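Structure file target.cif (mmCIF, C-alpha atoms and all ligand atoms) is printed below.
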```cif
data_final
#
loop_
_atom_site.label_atom_id
_atom_site.label_comp_id
_atom_site.auth_asym_id
_atom_site.auth_seq_id
_atom_site.Cartn_x
_atom_site.Cartn_y
_atom_site.Cartn_z
CA MET S 1 -96.75 74.90 -52.25
CA GLU S 2 -97.69 77.37 -49.55
CA TRP S 3 -95.06 78.70 -47.20
CA LYS S 4 -96.13 80.28 -43.90
CA GLU S 5 -94.17 83.52 -43.92
CA ALA S 6 -92.07 84.02 -40.81
CA ALA S 7 -92.84 87.54 -39.69
CA SER S 8 -89.21 88.45 -39.31
CA VAL S 9 -88.05 87.25 -42.72
CA GLN S 10 -88.38 90.03 -45.22
CA ARG S 11 -88.00 90.19 -48.93
CA GLY S 12 -87.90 93.96 -49.20
CA GLU S 13 -88.90 95.64 -52.42
CA ASN S 14 -85.95 97.96 -52.11
CA ALA S 15 -83.63 95.03 -51.62
CA ALA S 16 -85.02 93.33 -54.72
CA ARG S 17 -84.17 96.47 -56.65
CA GLY S 18 -80.56 96.16 -55.53
CA THR S 19 -80.17 98.40 -52.51
CA PRO S 20 -79.50 95.98 -49.68
CA THR S 21 -78.88 97.18 -46.14
CA SER S 22 -75.60 96.19 -44.50
CA ALA S 23 -77.44 93.40 -42.68
CA SER S 24 -79.01 91.93 -45.79
CA TYR S 25 -77.80 89.11 -47.95
CA LEU S 26 -77.72 88.68 -51.65
CA PHE S 27 -79.31 85.33 -52.53
CA ARG S 28 -78.25 83.95 -55.90
CA GLY S 29 -77.36 80.84 -57.81
CA PRO S 30 -73.69 79.82 -57.80
CA THR S 31 -71.16 79.89 -60.63
CA ALA S 32 -67.88 78.05 -61.05
CA ALA S 33 -66.13 81.10 -59.59
CA ASP S 34 -67.87 80.42 -56.25
CA ALA S 35 -66.81 76.78 -55.93
CA ARG S 36 -63.64 77.42 -53.94
CA ALA S 37 -65.39 79.60 -51.37
CA VAL S 38 -68.19 77.05 -51.10
CA TRP S 39 -65.63 74.31 -50.59
CA GLU S 40 -64.01 76.30 -47.77
CA LEU S 41 -67.37 77.01 -46.13
CA VAL S 42 -68.43 73.36 -46.21
CA ALA S 43 -65.04 72.30 -44.82
CA ASP S 44 -65.60 74.72 -41.90
CA CYS S 45 -69.11 73.45 -41.18
CA ARG S 46 -68.66 70.16 -39.35
CA PRO S 47 -70.28 67.69 -39.15
CA LEU S 48 -70.73 68.09 -42.91
CA ASP S 49 -68.50 65.81 -44.92
CA PRO S 50 -65.87 67.93 -46.65
CA ASN S 51 -66.23 67.71 -50.43
CA SER S 52 -63.62 67.57 -53.10
CA LEU S 53 -63.27 70.94 -54.83
CA TYR S 54 -64.24 69.12 -58.02
CA CYS S 55 -67.54 68.09 -56.40
CA ASN S 56 -68.28 71.72 -55.52
CA LEU S 57 -67.38 72.78 -59.06
CA LEU S 58 -69.98 70.36 -60.41
CA GLN S 59 -72.57 71.56 -57.91
CA CYS S 60 -71.87 75.17 -58.91
CA THR S 61 -72.22 74.39 -62.63
CA HIS S 62 -74.28 71.28 -63.47
CA PHE S 63 -76.52 71.73 -60.41
CA ALA S 64 -76.43 75.53 -60.23
CA GLU S 65 -80.16 75.94 -60.82
CA THR S 66 -81.01 73.90 -57.74
CA CYS S 67 -78.27 75.29 -55.50
CA ILE S 68 -78.30 78.67 -53.79
CA LEU S 69 -75.88 80.81 -51.81
CA ALA S 70 -76.08 83.89 -49.61
CA GLU S 71 -73.48 86.56 -50.16
CA GLN S 72 -72.70 89.50 -47.90
CA GLY S 73 -69.95 92.00 -48.50
CA GLY S 74 -68.52 89.81 -51.25
CA ARG S 75 -68.27 86.80 -48.90
CA ILE S 76 -70.31 83.63 -49.08
CA ARG S 77 -72.29 83.39 -45.85
CA GLY S 78 -74.60 80.50 -46.63
CA TRP S 79 -74.94 77.57 -48.98
CA VAL S 80 -77.59 75.01 -49.91
CA SER S 81 -76.82 72.33 -52.48
CA ALA S 82 -79.72 70.33 -53.86
CA TYR S 83 -80.89 68.45 -56.92
CA ARG S 84 -83.85 66.64 -58.39
CA PRO S 85 -82.94 62.93 -58.41
CA PRO S 86 -83.14 61.69 -62.02
CA THR S 87 -85.30 58.76 -60.93
CA ASP S 88 -87.62 60.96 -58.85
CA PRO S 89 -87.86 64.47 -60.31
CA GLN S 90 -90.83 65.37 -58.08
CA THR S 91 -88.42 65.38 -55.15
CA LEU S 92 -85.91 68.07 -54.29
CA PHE S 93 -83.08 66.36 -52.43
CA ILE S 94 -81.17 68.75 -50.20
CA TRP S 95 -77.59 67.63 -50.23
CA GLN S 96 -75.83 70.02 -47.85
CA VAL S 97 -76.73 73.15 -45.91
CA ALA S 98 -73.81 75.20 -44.57
CA ILE S 99 -74.03 78.42 -42.57
CA PRO S 100 -70.89 79.87 -40.94
CA ARG S 101 -71.01 79.75 -37.15
CA GLU S 102 -71.30 83.52 -36.73
CA ALA S 103 -74.31 83.72 -39.05
CA ARG S 104 -76.34 80.89 -37.49
CA GLY S 105 -79.60 81.23 -35.62
CA CYS S 106 -80.85 84.14 -37.73
CA GLY S 107 -83.09 82.22 -40.12
CA LEU S 108 -80.55 82.17 -42.91
CA ALA S 109 -80.72 78.43 -43.70
CA SER S 110 -84.51 78.36 -43.70
CA SER S 111 -84.62 81.53 -45.82
CA LEU S 112 -82.28 79.96 -48.39
CA ILE S 113 -84.44 76.83 -48.62
CA LYS S 114 -87.54 78.96 -48.88
CA GLU S 115 -85.97 80.97 -51.69
CA LEU S 116 -84.89 77.83 -53.51
CA LEU S 117 -88.47 76.54 -53.42
CA GLN S 118 -89.59 79.60 -55.38
CA ARG S 119 -87.32 78.87 -58.34
CA ASP S 120 -88.61 77.78 -61.72
CA ALA S 121 -86.05 74.99 -61.59
CA VAL S 122 -87.99 73.28 -58.79
CA ARG S 123 -91.43 73.76 -60.30
CA GLY S 124 -93.49 70.60 -59.88
CA ILE S 125 -91.69 69.18 -56.90
CA ARG S 126 -93.97 67.54 -54.36
CA GLN S 127 -91.59 66.80 -51.53
CA LEU S 128 -88.24 67.64 -49.97
CA GLN S 129 -85.78 65.04 -48.80
CA ALA S 130 -82.47 65.19 -46.94
CA THR S 131 -80.41 62.77 -44.90
CA VAL S 132 -79.38 63.65 -41.38
CA THR S 133 -77.41 61.88 -38.67
CA ARG S 134 -79.30 61.25 -35.45
CA ASP S 135 -77.25 63.66 -33.34
CA ASN S 136 -77.34 66.71 -35.65
CA LYS S 137 -79.83 68.68 -33.57
CA ALA S 138 -79.53 71.89 -35.59
CA SER S 139 -80.25 70.04 -38.81
CA TRP S 140 -83.31 68.25 -37.40
CA ALA S 141 -84.56 71.58 -36.03
CA LEU S 142 -84.05 73.23 -39.42
CA PHE S 143 -86.03 70.59 -41.30
CA ARG S 144 -88.79 70.50 -38.65
CA SER S 145 -89.07 74.24 -39.04
CA VAL S 146 -89.22 73.93 -42.83
CA ALA S 147 -91.96 71.27 -42.53
CA ASP S 148 -93.94 73.51 -40.16
CA SER S 149 -93.60 76.45 -42.50
CA LEU S 150 -94.88 74.37 -45.39
CA ASN S 151 -97.67 72.85 -43.28
CA ALA S 152 -96.34 69.53 -44.53
CA PRO S 153 -95.76 66.24 -42.71
CA LEU S 154 -92.20 65.18 -41.89
CA ILE S 155 -91.22 61.53 -41.66
CA SER S 156 -87.83 59.94 -41.09
CA GLN S 157 -86.50 56.47 -41.72
CA ALA S 158 -83.13 54.76 -41.58
CA HIS S 159 -81.39 55.10 -44.95
CA PHE S 160 -77.60 54.71 -45.12
CA ASP S 161 -76.41 52.40 -42.37
CA ARG S 162 -73.21 52.91 -40.41
CA GLU S 163 -72.00 49.34 -40.90
CA GLN S 164 -73.71 48.22 -44.09
CA HIS S 165 -73.03 51.33 -46.17
CA PHE S 166 -70.28 53.25 -44.39
CA GLY S 167 -68.19 50.31 -43.18
CA GLY S 168 -68.22 51.81 -39.68
CA ARG S 169 -66.59 55.06 -40.86
CA HIS S 170 -69.65 57.31 -40.59
CA GLN S 171 -72.79 57.51 -38.49
CA SER S 172 -76.03 56.19 -39.95
CA GLU S 173 -77.97 58.69 -42.02
CA TYR S 174 -81.76 58.99 -41.70
CA MET S 175 -83.85 60.05 -44.68
CA LEU S 176 -86.19 62.90 -43.86
CA THR S 177 -89.14 63.41 -46.17
CA ILE S 178 -91.18 66.61 -45.98
CA GLY S 179 -94.43 66.36 -47.90
CA PRO S 180 -95.82 65.31 -50.26
CA TRP S 181 -97.91 68.40 -50.89
CA HIS S 182 -100.29 69.22 -53.70
CA ALA S 183 -99.91 71.85 -56.38
CA SER S 184 -101.42 75.15 -55.32
CA ALA S 185 -101.93 78.61 -56.59
CA ALA S 186 -98.64 79.50 -54.93
CA GLU S 187 -96.85 77.62 -57.68
CA SER S 188 -98.00 80.06 -60.28
CA GLY S 189 -95.90 82.61 -58.43
CA HIS S 190 -92.62 80.89 -59.22
CA ARG S 191 -89.87 83.23 -60.21
CA SER S 192 -86.85 82.69 -62.38
CA ALA S 193 -83.57 81.85 -60.73
CA GLY S 194 -82.30 85.34 -60.15
CA VAL S 195 -80.94 87.61 -57.53
CA ASN S 196 -82.80 88.64 -54.41
CA HIS S 197 -81.76 90.37 -51.25
CA ILE S 198 -83.20 88.93 -48.09
CA THR S 199 -82.76 90.09 -44.54
CA PRO S 200 -83.06 87.10 -42.22
CA ARG S 201 -84.61 87.61 -38.83
CA GLU S 202 -82.64 88.78 -35.81
CA ARG S 203 -80.46 86.18 -34.14
CA LYS S 204 -82.60 84.27 -31.66
CA THR S 205 -80.72 81.10 -30.76
CA ASP S 206 -77.20 80.24 -29.80
CA ALA S 207 -75.55 78.37 -32.61
CA LEU S 208 -74.16 74.92 -32.01
C1 LIG Y 301 -77.92 73.39 -39.50
C2 LIG Y 301 -77.61 74.81 -39.94
C3 LIG Y 301 -77.54 74.82 -41.45
C4 LIG Y 301 -78.76 75.72 -39.47
O1 LIG Y 301 -78.54 77.03 -40.00
P1 LIG Y 301 -79.24 78.33 -39.35
O2 LIG Y 301 -79.16 79.43 -40.35
O3 LIG Y 301 -78.69 78.57 -38.01
O4 LIG Y 301 -80.76 77.82 -39.23
P2 LIG Y 301 -82.02 78.76 -39.05
O5 LIG Y 301 -81.63 79.98 -38.27
O6 LIG Y 301 -82.69 78.95 -40.37
O7 LIG Y 301 -82.95 77.90 -38.09
C5 LIG Y 301 -83.97 77.06 -38.58
C6 LIG Y 301 -84.67 76.42 -37.38
O8 LIG Y 301 -83.76 75.54 -36.70
C7 LIG Y 301 -83.60 75.96 -35.34
N1 LIG Y 301 -82.19 75.79 -34.98
C8 LIG Y 301 -81.11 76.22 -35.69
N2 LIG Y 301 -79.98 75.87 -35.03
C9 LIG Y 301 -80.37 75.22 -33.91
C10 LIG Y 301 -79.66 74.62 -32.84
N3 LIG Y 301 -78.31 74.63 -32.79
N4 LIG Y 301 -80.36 74.02 -31.85
C11 LIG Y 301 -81.71 73.99 -31.89
N5 LIG Y 301 -82.45 74.54 -32.90
C12 LIG Y 301 -81.78 75.14 -33.88
C13 LIG Y 301 -84.01 77.42 -35.32
O9 LIG Y 301 -84.47 77.82 -34.04
C14 LIG Y 301 -85.13 77.44 -36.35
O10 LIG Y 301 -86.32 76.93 -35.79
P3 LIG Y 301 -87.67 77.84 -35.76
O11 LIG Y 301 -87.87 78.32 -37.18
O12 LIG Y 301 -88.70 76.89 -35.26
O13 LIG Y 301 -87.37 78.97 -34.83
C15 LIG Y 301 -76.29 75.33 -39.33
O14 LIG Y 301 -76.31 75.13 -37.92
C16 LIG Y 301 -75.04 74.66 -39.89
O15 LIG Y 301 -74.51 75.07 -40.92
N6 LIG Y 301 -74.56 73.60 -39.20
C17 LIG Y 301 -73.36 72.86 -39.63
C18 LIG Y 301 -73.61 72.08 -40.91
C19 LIG Y 301 -74.81 71.16 -40.83
O16 LIG Y 301 -74.98 70.39 -39.90
N7 LIG Y 301 -75.68 71.25 -41.86
C20 LIG Y 301 -76.94 70.53 -41.92
C21 LIG Y 301 -76.78 69.27 -42.62
S1 LIG Y 301 -77.99 69.11 -43.96
#
```

Would you mind writing the file's structure down as structure tokens?
Amino acid sequence: MEWKEAASVQRGENAARGTPTSASYLFRGPTAADARAVWELVADCRPLDPNSLYCNLLQCTHFAETCILAEQGGRIRGWVSAYRPPTDPQTLFIWQVAIPREARGCGLASSLIKELLQRDAVRGIRQLQATVTRDNKASWALFRSVADSLNAPLISQAHFDREQHFGGRHQSEYMLTIGPWHASAAESGHRSAGVNHITPRERKTDAL
């Protein structure tokens, strides 16, 4: 798939060689050793549902190839968990996106998703999906921005219902679908899941 490069998001050659600036982030796949920090980050990022630590351990191990984190100064500053549903492997389902309050509005979440889409582990996907509650403005804005960057359509439809599925304990979740898109030359540029340093753009919005 093609991704319209945001001018302010850089993947510097120097950074890729391992000399990040103080403002840059190390993007990498997670390991079991990251699960506790991921768990803490998700717990701090309402309205995300807090996970069990065991759930994050599984994400950081079984699903490590389709999850990605941003590290800065040894701290985890961003997290995207995702997987290819076994019944629909041409979809990448984005499970949770968590950016700490002080790091929001700088393009970090969209950069992480963009980086994930370059991984060999997602080769062949034709669409992105995620569920979002109606009032999560930041999340809707993130996925609209991702759809724009991919030049792909975005549709939403009711998915998990407040009463029917959550027994009134949780707001209804809407399924967002970005795509489908067709294979393109860009796919031949897939890289292995590795380590990259990316400097997201300057802060431009107030975080929620
Ligand atoms: C949603 C969240 C992940 C966004 O992270 P972020 O790093 O600030 O997002 P980005 O900077 O990459 O922004 C992506 C787009 O969304 C827009 N956006 C981000 N936060 C916004 C907000 N609060 N209000 C309006 N637009 C917003 C940005 O302007 C950008 O749009 P653009 O590319 O057209 O300029 C972050 O706010 C967060 O962790 N929230 C709590 C947890 C959550 O709700 N997660 C999402 C559930 S899947």

* **Residue contacts of segment 37-52 of chain S (8 Å, all atoms listed in the file) excluding same-chain residues fewer than 2 positions away, as JSON, numbers by chain** => {"S": [34, 35, 54, 55, 56, 76, 79, 96, 98, 99, 100, 101, 136]}

* Using only C-alpha atoms and all ligand atoms, which protein or nucleic acid residues are at most 8 Å from ligand LIG 301 (chain Y), as an MDAnalysis selection string? -> chainID S and resid 6 42 45:48 78 94:101 103:111 130:132 136:146 148 203:208

* Of the candidates S:Thr61, S:Gln129, S:Thr66, S:Gln171, which one gets nearest to Phe93 of chain S if we count only C-alpha atoms? -> S:Gln129

* Separation of atom CA of Ser149 of chain S from atom CA of Ala70 of chain S, in Å and rounded to one decimal -> 20.3 Å

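You will find atom CA of Gly179 of chain S at 5.4 Å from atom CA of Pro153 of chain S.
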
* **Atomic distance atom CA of Tyr174 of chain S - atom CA of Ile125 of chain S, expressed in Å with one decimal** =>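 Going from atom CA of Tyr174 of chain S over to atom CA of Ile125 of chain S covers 20.8 Å.
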
* Asked: For Gly124 of chain S, which residue among S:Gly73, S:Gly29, S:Pro89, S:Gly167 is the nearest when counting only C-alpha atoms?
  ->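 Checking each candidate against Gly124 of chain S, we get S:Pro89 as the closest.
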
* Selected residue of minimal separation from Ala64 of chain S among S:Gln118, S:Thr177, S:Ser81, S:Gln164, counting all atoms listed in the file -> S:Ser81

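Environment of (-93.5, 66.2, -44.3): residues at most 8 Å away, judged by all atoms listed in the file, are Gln127, Leu128, Ala147, Asn151, Ala152, Pro153, Leu154, Ile155, Thr177, Ile178, Gly179 and Pro180 of chain S.
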